[in-house]
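S.K.: This is the content of my_file.pdb (PDB, C-alpha atoms):
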```
ATOM      1  CA  SER S   1       5.472  12.079 -10.064
ATOM      2  CA  ARG S   2       6.291  13.861  -6.797
ATOM      3  CA  LEU S   3       4.577  13.374  -3.453
ATOM      4  CA  GLN S   4       3.884  16.433  -1.330
ATOM      5  CA  ILE S   5       3.072  16.155   2.367
ATOM      6  CA  TRP S   6       1.217  19.075   3.932
ATOM      7  CA  ARG S   7       0.365  19.888   7.524
ATOM      8  CA  ALA S   8      -3.314  20.638   8.053
ATOM      9  CA  PRO S   9      -4.333  24.033   9.497
ATOM     10  CA  THR S  10      -3.992  24.353  13.270
ATOM     11  CA  LEU S  11      -3.834  27.231  15.719
ATOM     12  CA  GLU S  12      -0.035  26.836  15.925
ATOM     13  CA  LEU S  13       0.239  27.115  12.135
ATOM     14  CA  GLY S  14      -2.010  30.156  11.980
ATOM     15  CA  TRP S  15      -4.780  28.114  10.368
ATOM     16  CA  GLN S  16      -2.726  27.757   7.215
ATOM     17  CA  PHE S  17      -1.739  24.720   5.169
ATOM     18  CA  VAL S  18       2.038  24.321   5.490
ATOM     19  CA  GLN S  19       4.095  22.142   3.171
ATOM     20  CA  HIS S  20       6.007  19.600   5.238
ATOM     21  CA  ARG S  21       8.013  17.599   2.686
ATOM     22  CA  THR S  22       8.296  16.824  -1.008
ATOM     23  CA  LEU S  23       9.373  13.314  -1.982
ATOM     24  CA  GLY S  24      10.423  12.035  -5.381
ATOM     25  CA  GLY S  25      11.234   8.748  -7.049
ATOM     26  CA  HIS S  26       8.334   7.943  -9.348
ATOM     27  CA  HIS S  27       8.727   8.603 -13.070
ATOM     28  CA  ASP S  28       5.037   8.926 -13.928
ATOM     29  CA  ASP S  29       1.762   9.980 -12.331
ATOM     30  CA  ILE S  30       1.099   8.672  -8.813
ATOM     31  CA  VAL S  31      -2.143   6.674  -8.733
ATOM     32  CA  ASP S  32      -2.592   5.849  -5.039
ATOM     33  CA  VAL S  33      -1.231   7.015  -1.667
ATOM     34  CA  VAL S  34      -1.865   5.172   1.601
ATOM     35  CA  TRP S  35      -0.873   5.877   5.214
ATOM     36  CA  SER S  36       0.633   3.167   7.412
ATOM     37  CA  PRO S  37      -1.442   2.220  10.501
ATOM     38  CA  ASN S  38       0.975   4.160  12.759
ATOM     39  CA  SER S  39       0.908   7.227  10.437
ATOM     40  CA  LEU S  40       4.725   7.325  10.259
ATOM     41  CA  PHE S  41       5.062   6.015   6.708
ATOM     42  CA  LEU S  42       3.439   6.353   3.295
ATOM     43  CA  ALA S  43       3.248   3.902   0.418
ATOM     44  CA  THR S  44       2.600   5.042  -3.148
ATOM     45  CA  CYS S  45       2.044   3.381  -6.503
ATOM     46  CA  ALA S  46       2.193   4.917  -9.955
ATOM     47  CA  MET S  47       1.748   4.506 -13.669
ATOM     48  CA  ASP S  48       5.506   3.797 -13.877
ATOM     49  CA  MET S  49       4.651   0.284 -12.603
ATOM     50  CA  SER S  50       6.419   0.779  -9.269
ATOM     51  CA  VAL S  51       5.511   0.850  -5.581
ATOM     52  CA  ARG S  52       7.476   3.028  -3.173
ATOM     53  CA  LEU S  53       7.689   3.372   0.607
ATOM     54  CA  PHE S  54       8.530   6.689   2.310
ATOM     55  CA  SER S  55       8.768   7.993   5.861
ATOM     56  CA  VAL S  56       6.821  11.115   6.780
ATOM     57  CA  ASP S  57       9.892  12.456   8.602
ATOM     58  CA  PRO S  58      13.575  11.514   8.272
ATOM     59  CA  MET S  59      14.154   8.562  10.606
ATOM     60  CA  ASP S  60      17.317   6.770  11.761
ATOM     61  CA  GLY S  61      17.618   3.339  10.214
ATOM     62  CA  PHE S  62      14.914   3.840   7.591
ATOM     63  CA  GLU S  63      15.682   3.310   3.913
ATOM     64  CA  PRO S  64      13.105   4.135   1.238
ATOM     65  CA  MET S  65      11.975   1.041  -0.664
ATOM     66  CA  ALA S  66      11.014   0.619  -4.316
ATOM     67  CA  LEU S  67       9.238  -2.415  -5.774
ATOM     68  CA  ALA S  68       9.503  -2.920  -9.524
ATOM     69  CA  GLU S  69       7.885  -6.343  -9.764
ATOM     70  CA  HIS S  70       4.791  -5.270 -11.700
ATOM     71  CA  ARG S  71       4.623  -5.192 -15.496
ATOM     72  CA  SER S  72       1.678  -2.789 -15.834
ATOM     73  CA  HIS S  73       0.269   0.264 -14.059
ATOM     74  CA  VAL S  74      -0.263  -0.327 -10.338
ATOM     75  CA  ARG S  75      -3.833   0.443  -9.241
ATOM     76  CA  GLY S  76      -3.506   0.287  -5.461
ATOM     77  CA  VAL S  77      -1.198  -0.413  -2.511
ATOM     78  CA  PHE S  78      -2.106  -1.313   1.095
ATOM     79  CA  PHE S  79      -0.443  -2.006   4.462
ATOM     80  CA  SER S  80      -1.459  -4.987   6.575
ATOM     81  CA  GLY S  81      -2.651  -4.226  10.098
ATOM     82  CA  ASP S  82       0.655  -5.302  11.665
ATOM     83  CA  MET S  83       2.618  -3.486   8.917
ATOM     84  CA  HIS S  84       4.672  -6.594   8.118
ATOM     85  CA  HIS S  85       2.993  -6.920   4.710
ATOM     86  CA  LEU S  86       2.576  -4.529   1.823
ATOM     87  CA  TYR S  87       0.085  -5.536  -0.873
ATOM     88  CA  SER S  88      -0.183  -4.099  -4.381
ATOM     89  CA  LEU S  89      -2.400  -4.832  -7.374
ATOM     90  CA  SER S  90      -1.664  -4.034 -11.015
ATOM     91  CA  ARG S  91      -4.070  -3.138 -13.828
ATOM     92  CA  GLU S  92      -3.565  -6.629 -15.291
ATOM     93  CA  GLY S  93      -4.767  -8.299 -12.074
ATOM     94  CA  VAL S  94      -1.405  -9.321 -10.600
ATOM     95  CA  LEU S  95      -1.448  -9.217  -6.789
ATOM     96  CA  VAL S  96       1.950  -8.988  -5.059
ATOM     97  CA  SER S  97       2.590  -9.497  -1.338
ATOM     98  CA  LEU S  98       5.789  -8.144   0.238
ATOM     99  CA  ARG S  99       6.852  -8.902   3.799
ATOM    100  CA  TYR S 100       9.329  -7.019   5.966
ATOM    101  CA  GLU S 101      11.567  -9.598   7.644
ATOM    102  CA  GLU S 102      13.520  -8.355  10.649
ATOM    103  CA  ALA S 103      17.118  -9.526  10.904
ATOM    104  CA  VAL S 104      17.401 -12.372  13.424
ATOM    105  CA  GLY S 105      18.830 -11.150  16.718
ATOM    106  CA  ALA S 106      19.209  -7.603  15.433
ATOM    107  CA  ALA S 107      16.668  -5.934  17.714
ATOM    108  CA  ALA S 108      19.217  -5.290  20.446
ATOM    109  CA  LEU S 109      22.089  -4.264  18.151
ATOM    110  CA  ASP S 110      22.997  -0.813  16.924
ATOM    111  CA  SER S 111      23.539   0.079  13.265
ATOM    112  CA  ASP S 112      27.164  -1.175  13.423
ATOM    113  CA  GLY S 113      26.054  -4.622  14.550
ATOM    114  CA  LYS S 114      27.484  -4.082  18.029
ATOM    115  CA  GLY S 115      25.758  -4.236  21.351
ATOM    116  CA  GLY S 116      24.417  -0.835  22.298
ATOM    117  CA  GLU S 117      21.143   0.902  21.645
ATOM    118  CA  ASP S 118      18.084  -1.297  22.040
ATOM    119  CA  LEU S 119      16.328  -0.939  18.683
ATOM    120  CA  ARG S 120      13.102  -2.589  19.753
ATOM    121  CA  HIS S 121      11.563   0.805  20.510
ATOM    122  CA  ARG S 122      12.110   1.930  16.914
ATOM    123  CA  PRO S 123       9.338   1.678  14.308
ATOM    124  CA  LEU S 124       9.388  -1.619  12.418
ATOM    125  CA  TYR S 125      10.915  -0.287   9.186
ATOM    126  CA  CYS S 126      13.720   1.417  11.133
ATOM    127  CA  ARG S 127      14.993  -1.871  12.564
ATOM    128  CA  PRO S 128      17.516  -4.024  10.667
ATOM    129  CA  GLY S 129      15.747  -6.175   8.110
ATOM    130  CA  LYS S 130      14.738  -6.392   4.476
ATOM    131  CA  TRP S 131      11.705  -6.616   2.223
ATOM    132  CA  GLU S 132      11.025  -9.971   0.592
ATOM    133  CA  MET S 133       8.421 -10.930  -1.964
ATOM    134  CA  LYS S 134       6.327 -13.572  -0.230
ATOM    135  CA  ALA S 135       3.732 -14.314  -2.904
ATOM    136  CA  LYS S 136       2.347 -13.372  -6.280
ATOM    137  CA  ALA S 137      -1.156 -14.287  -7.406
ATOM    138  CA  TYR S 138      -3.194 -13.739 -10.551
ATOM    139  CA  CYS S 139      -6.850 -12.751 -10.324
ATOM    140  CA  GLN S 140      -7.548 -14.750 -13.505
ATOM    141  CA  GLN S 141     -10.378 -12.427 -14.469
ATOM    142  CA  PRO S 142     -12.256 -13.421 -17.657
ATOM    143  CA  GLY S 143     -11.494 -11.946 -21.056
ATOM    144  CA  ALA S 144      -9.535  -8.745 -21.348
ATOM    145  CA  GLN S 145     -10.926  -7.117 -18.210
ATOM    146  CA  LYS S 146      -8.610  -4.715 -16.399
ATOM    147  CA  VAL S 147      -8.548  -3.704 -12.742
ATOM    148  CA  THR S 148     -10.306  -0.367 -12.207
ATOM    149  CA  ARG S 149     -10.571  -0.148  -8.403
ATOM    150  CA  CYS S 150      -9.396  -2.046  -5.313
ATOM    151  CA  ALA S 151      -9.787  -1.848  -1.531
ATOM    152  CA  PHE S 152      -8.421  -3.581   1.572
ATOM    153  CA  ASP S 153      -9.748  -3.926   5.119
ATOM    154  CA  THR S 154      -7.041  -4.461   7.741
ATOM    155  CA  ALA S 155      -9.390  -5.830  10.416
ATOM    156  CA  SER S 156     -10.706  -8.715   8.311
ATOM    157  CA  ASN S 157      -7.749  -9.027   5.883
ATOM    158  CA  VAL S 158     -10.236  -8.951   3.000
ATOM    159  CA  PHE S 159      -8.956  -7.580  -0.305
ATOM    160  CA  ALA S 160     -11.446  -6.544  -2.999
ATOM    161  CA  CYS S 161     -10.857  -5.646  -6.638
ATOM    162  CA  GLY S 162     -13.222  -4.435  -9.348
ATOM    163  CA  PHE S 163     -12.810  -4.778 -13.111
ATOM    164  CA  SER S 164     -13.668  -3.023 -16.352
ATOM    165  CA  GLY S 165     -16.218  -5.701 -17.267
ATOM    166  CA  GLY S 166     -18.367  -5.354 -14.158
ATOM    167  CA  ILE S 167     -17.065  -8.240 -12.043
ATOM    168  CA  PHE S 168     -15.472  -7.905  -8.608
ATOM    169  CA  MET S 169     -13.481 -10.425  -6.585
ATOM    170  CA  LEU S 170     -12.736 -10.940  -2.891
ATOM    171  CA  PHE S 171      -9.510 -12.416  -1.508
ATOM    172  CA  GLU S 172      -8.319 -13.260   2.000
ATOM    173  CA  MET S 173      -4.840 -11.989   2.806
ATOM    174  CA  PRO S 174      -1.990 -12.688   3.299
ATOM    175  CA  ASP S 175      -2.540 -16.146   1.758
ATOM    176  CA  MET S 176      -4.306 -14.627  -1.278
ATOM    177  CA  GLN S 177      -7.119 -17.134  -0.949
ATOM    178  CA  ALA S 178      -9.945 -16.424  -3.430
ATOM    179  CA  LEU S 179     -13.241 -16.062  -1.563
ATOM    180  CA  GLN S 180     -15.834 -14.998  -4.103
ATOM    181  CA  THR S 181     -16.436 -13.630  -7.599
ATOM    182  CA  LEU S 182     -19.541 -11.516  -8.248
ATOM    183  CA  SER S 183     -20.857  -9.297 -11.041
ATOM    184  CA  LEU S 184     -22.694  -5.993 -11.411
ATOM    185  CA  GLY S 185     -23.453  -6.313 -15.110
ATOM    186  CA  SER S 186     -20.956  -5.777 -17.908
ATOM    187  CA  GLN S 187     -19.974  -2.128 -17.362
ATOM    188  CA  ALA S 188     -16.799  -0.916 -15.678
ATOM    189  CA  LEU S 189     -16.812  -0.426 -11.912
ATOM    190  CA  ASP S 190     -15.858   3.147 -10.980
ATOM    191  CA  ALA S 191     -16.051   2.875  -7.192
ATOM    192  CA  LEU S 192     -15.400   0.134  -4.661
ATOM    193  CA  ALA S 193     -15.190   0.269  -0.851
ATOM    194  CA  LEU S 194     -15.142  -2.166   2.068
ATOM    195  CA  GLY S 195     -16.986  -1.365   5.274
ATOM    196  CA  PRO S 196     -15.327  -1.434   8.721
ATOM    197  CA  GLY S 197     -14.493  -5.027   9.566
ATOM    198  CA  GLY S 198     -15.020  -6.124   5.982
ATOM    199  CA  ASP S 199     -18.665  -6.981   6.671
ATOM    200  CA  TRP S 200     -20.016  -5.259   3.563
ATOM    201  CA  LEU S 201     -18.856  -4.131   0.161
ATOM    202  CA  ALA S 202     -20.105  -1.130  -1.823
ATOM    203  CA  VAL S 203     -19.571  -0.932  -5.582
ATOM    204  CA  GLY S 204     -20.658   1.626  -8.158
ATOM    205  CA  SER S 205     -20.787   2.015 -11.923
ATOM    206  CA  SER S 206     -21.436   5.376 -13.579
ATOM    207  CA  ALA S 207     -22.427   3.645 -16.817
ATOM    208  CA  LEU S 208     -25.195   1.784 -14.987
ATOM    209  CA  GLY S 209     -26.181   4.762 -12.877
ATOM    210  CA  GLN S 210     -25.922   2.764  -9.688
TER     211      GLN S 210
END
```
I need this file expressed as structure tokens, please.
M.R.:
Amino acid sequence: SRLQIWRAPTLELGWQFVQHRTLGGHHDDIVDVVWSPNSLFLATCAMDMSVRLFSVDPMDGFEPMALAEHRSHVRGVFFSGDMHHLYSLSREGVLVSLRYEEAVGAAALDSDGKGGEDLRHRPLYCRPGKWEMKAKAYCQQPGAQKVTRCAFDTASNVFACGFSGGIFMLFEMPDMQALQTLSLGSQALDALALGPGGDWLAVGSSALGQ
């Protein structure tokens, strides 16, 4: 339920792994961790049905965020390419889209709302604003199939999810437009990945041996 950030071995660190930070907040096992495109933030999801947003380092203006909109274990979380959206998918097939809305006219104001420091140079989540839920969609998978794996490609905005009954679905984000539903038999999908640019999709099932 805790997230540890480590610095990889370098010459300056004596070729040792060095623990950088430990972050808490989740109340059950963390299922997925994803880096933001600028590598300054991390998003996590867990079996406690929540999604959380952290900064790698303490940053002025940043406030950790927690989403508790899901009603089942969250399987995956992803940043959009411009970082304005945060997508998450639950085991039951509920897809939630959050958007960070900057406060109007706040870019050139300091934290007291007065003219001063120009905040436009700050990372997006350190500027005045708030997270809003923009959309919620249901995969509407057949039967009692549960989400087993999911993937997102920022270049193409294609979101893919695989299920316990062998089907997998493709969606276009951020509008959550369903693109296609395909099947690899009736066994659970254990692996799913999108290629660069979203041009191809790889899926795997240990039960099928392929």
S.K.: Can you list, as a PyMOL selection string, every protein, DNA or RNA residue that comes within 7 Å of S:Ser183 when you count only C-alpha atoms, leaving out same-chain residues fewer than 3 positions away?
M.R.: chain S and resi 166-168
S.K.: Please produce an output containing C-alpha atoms for each residue in the selection, written as a PDB file, in the coordinates of the input.
M.R.:
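See result34.pdb below for the written result:
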```pdb
ATOM      1  CA  GLY S 166     -18.367  -5.354 -14.158  1.00  0.00           C
ATOM      2  CA  ILE S 167     -17.065  -8.240 -12.043  1.00  0.00           C
ATOM      3  CA  PHE S 168     -15.472  -7.905  -8.608  1.00  0.00           C
TER       4      PHE S 168
END
```
S.K.: Using the chain letters and numbers from this file, what does the PyMOL selection byres ((chain S and resi 92) around 7) select? Give the answer as a PyMOL selection string.
M.R.: chain S and resi 72+90-91+93-94+146-147
S.K.: Any idea what the distance is between atom CA of S:Tyr100 and atom CA of S:Gly24?
M.R.: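 Calculated distance between atom CA of S:Tyr100 and atom CA of S:Gly24 is 22.2 Å.
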S.K.: For this structure, which residues satisfy the selection - the PyMOL selection byres ((chain S and resi 78-82) around 12) - when it is evaluated on the file as given? I want them as an NGL selection string.
M.R.: :S and (32-39 or 41-45 or 51-53 or 74-77 or 83-89 or 95-100 or 123-125 or 150-160 or 172-174 or 197)
S.K.: Report as a short mmCIF file (atom, residue, chain, number, x, y, z; two decimals) with C-alpha atoms, keeping the file's coordinate frame all protein, DNA and RNA residues lying within 9 Å of S:Ala191, evaluated on only C-alpha atoms, omitting residues in the same chain fewer than 3 positions from it.
M.R.:
```cif
data_model
loop_
_atom_site.label_atom_id
_atom_site.label_comp_id
_atom_site.auth_asym_id
_atom_site.auth_seq_id
_atom_site.Cartn_x
_atom_site.Cartn_y
_atom_site.Cartn_z
CA THR S 148 -10.31 -0.37 -12.21
CA ARG S 149 -10.57 -0.15 -8.40
CA CYS S 150 -9.40 -2.05 -5.31
CA GLY S 162 -13.22 -4.43 -9.35
CA ALA S 202 -20.10 -1.13 -1.82
CA VAL S 203 -19.57 -0.93 -5.58
CA GLY S 204 -20.66 1.63 -8.16
CA SER S 205 -20.79 2.02 -11.92
CA SER S 206 -21.44 5.38 -13.58
#
```
S.K.: Kindly give the distance, in Å, that separates atom CA of S:Arg2 and atom CA of S:Arg71, rounded to a single decimal.
M.R.: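 So the answer is 21.0 Å.
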S.K.: From the options S:Leu23, S:Gln140, S:Leu119, S:Thr10, which residue's atoms come nearest to S:Asp60, counting all atoms listed in the file?
M.R.: S:Leu119
S.K.: Using the chain letters and numbering of this document, enumerate as a list in words the residues selected by the PyMOL selection byres ((chain S and resi 165) around 6).
M.R.: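 Applied to this file, the PyMOL selection byres ((chain S and resi 165) around 6) returns Gln145, Phe163, Ser164, Gly166, Ile167, Ser186, Gln187 and Ala188 of chain S.
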S.K.: Expressed in Å to a single decimal, how great is the separation between atom CA of S:Pro128 and atom CA of S:Gly61?
M.R.: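 Between atom CA of S:Pro128 and atom CA of S:Gly61 the gap works out to 7.4 Å.
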S.K.: Around the point (1.2, 21.1, 13.7) in the file's coordinates, collect all residues with an atom within 12 Å, using all atoms listed in the file, and return them as a ChimeraX atom specification.
M.R.: /S:6-20
S.K.: So that I can check the surroundings of S:Asp28, please list as a list of chain:residue names every protein, DNA and RNA residue that reaches within 10 Å of it, counting all atoms listed in the file and ignoring chain neighbours fewer than 6 positions away.
M.R.: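 These residues fall inside the cut-off: S:Ser1, S:Arg2, S:Cys45, S:Ala46, S:Met47, S:Asp48, S:Met49, S:Ser50, S:His73.
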S.K.: Given 6 Å on each side, where is the centre and what are the edge lengths in Å to one decimal of the axis-aligned box enclosing the listed atoms of stretch 35-41 of chain S, as AutoDock Vina command-line options?
M.R.:
```
--center_x 1.8 --center_y 4.8 --center_z 9.0 --size_x 18.5 --size_y 17.1 --size_z 19.5
```
S.K.: Taking all atoms listed in the file into account, which of S:His26, S:Arg21, S:His121, S:Lys136 comes nearest S:Met65?
M.R.: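 So, comparing all the options, the nearest one is S:His26.
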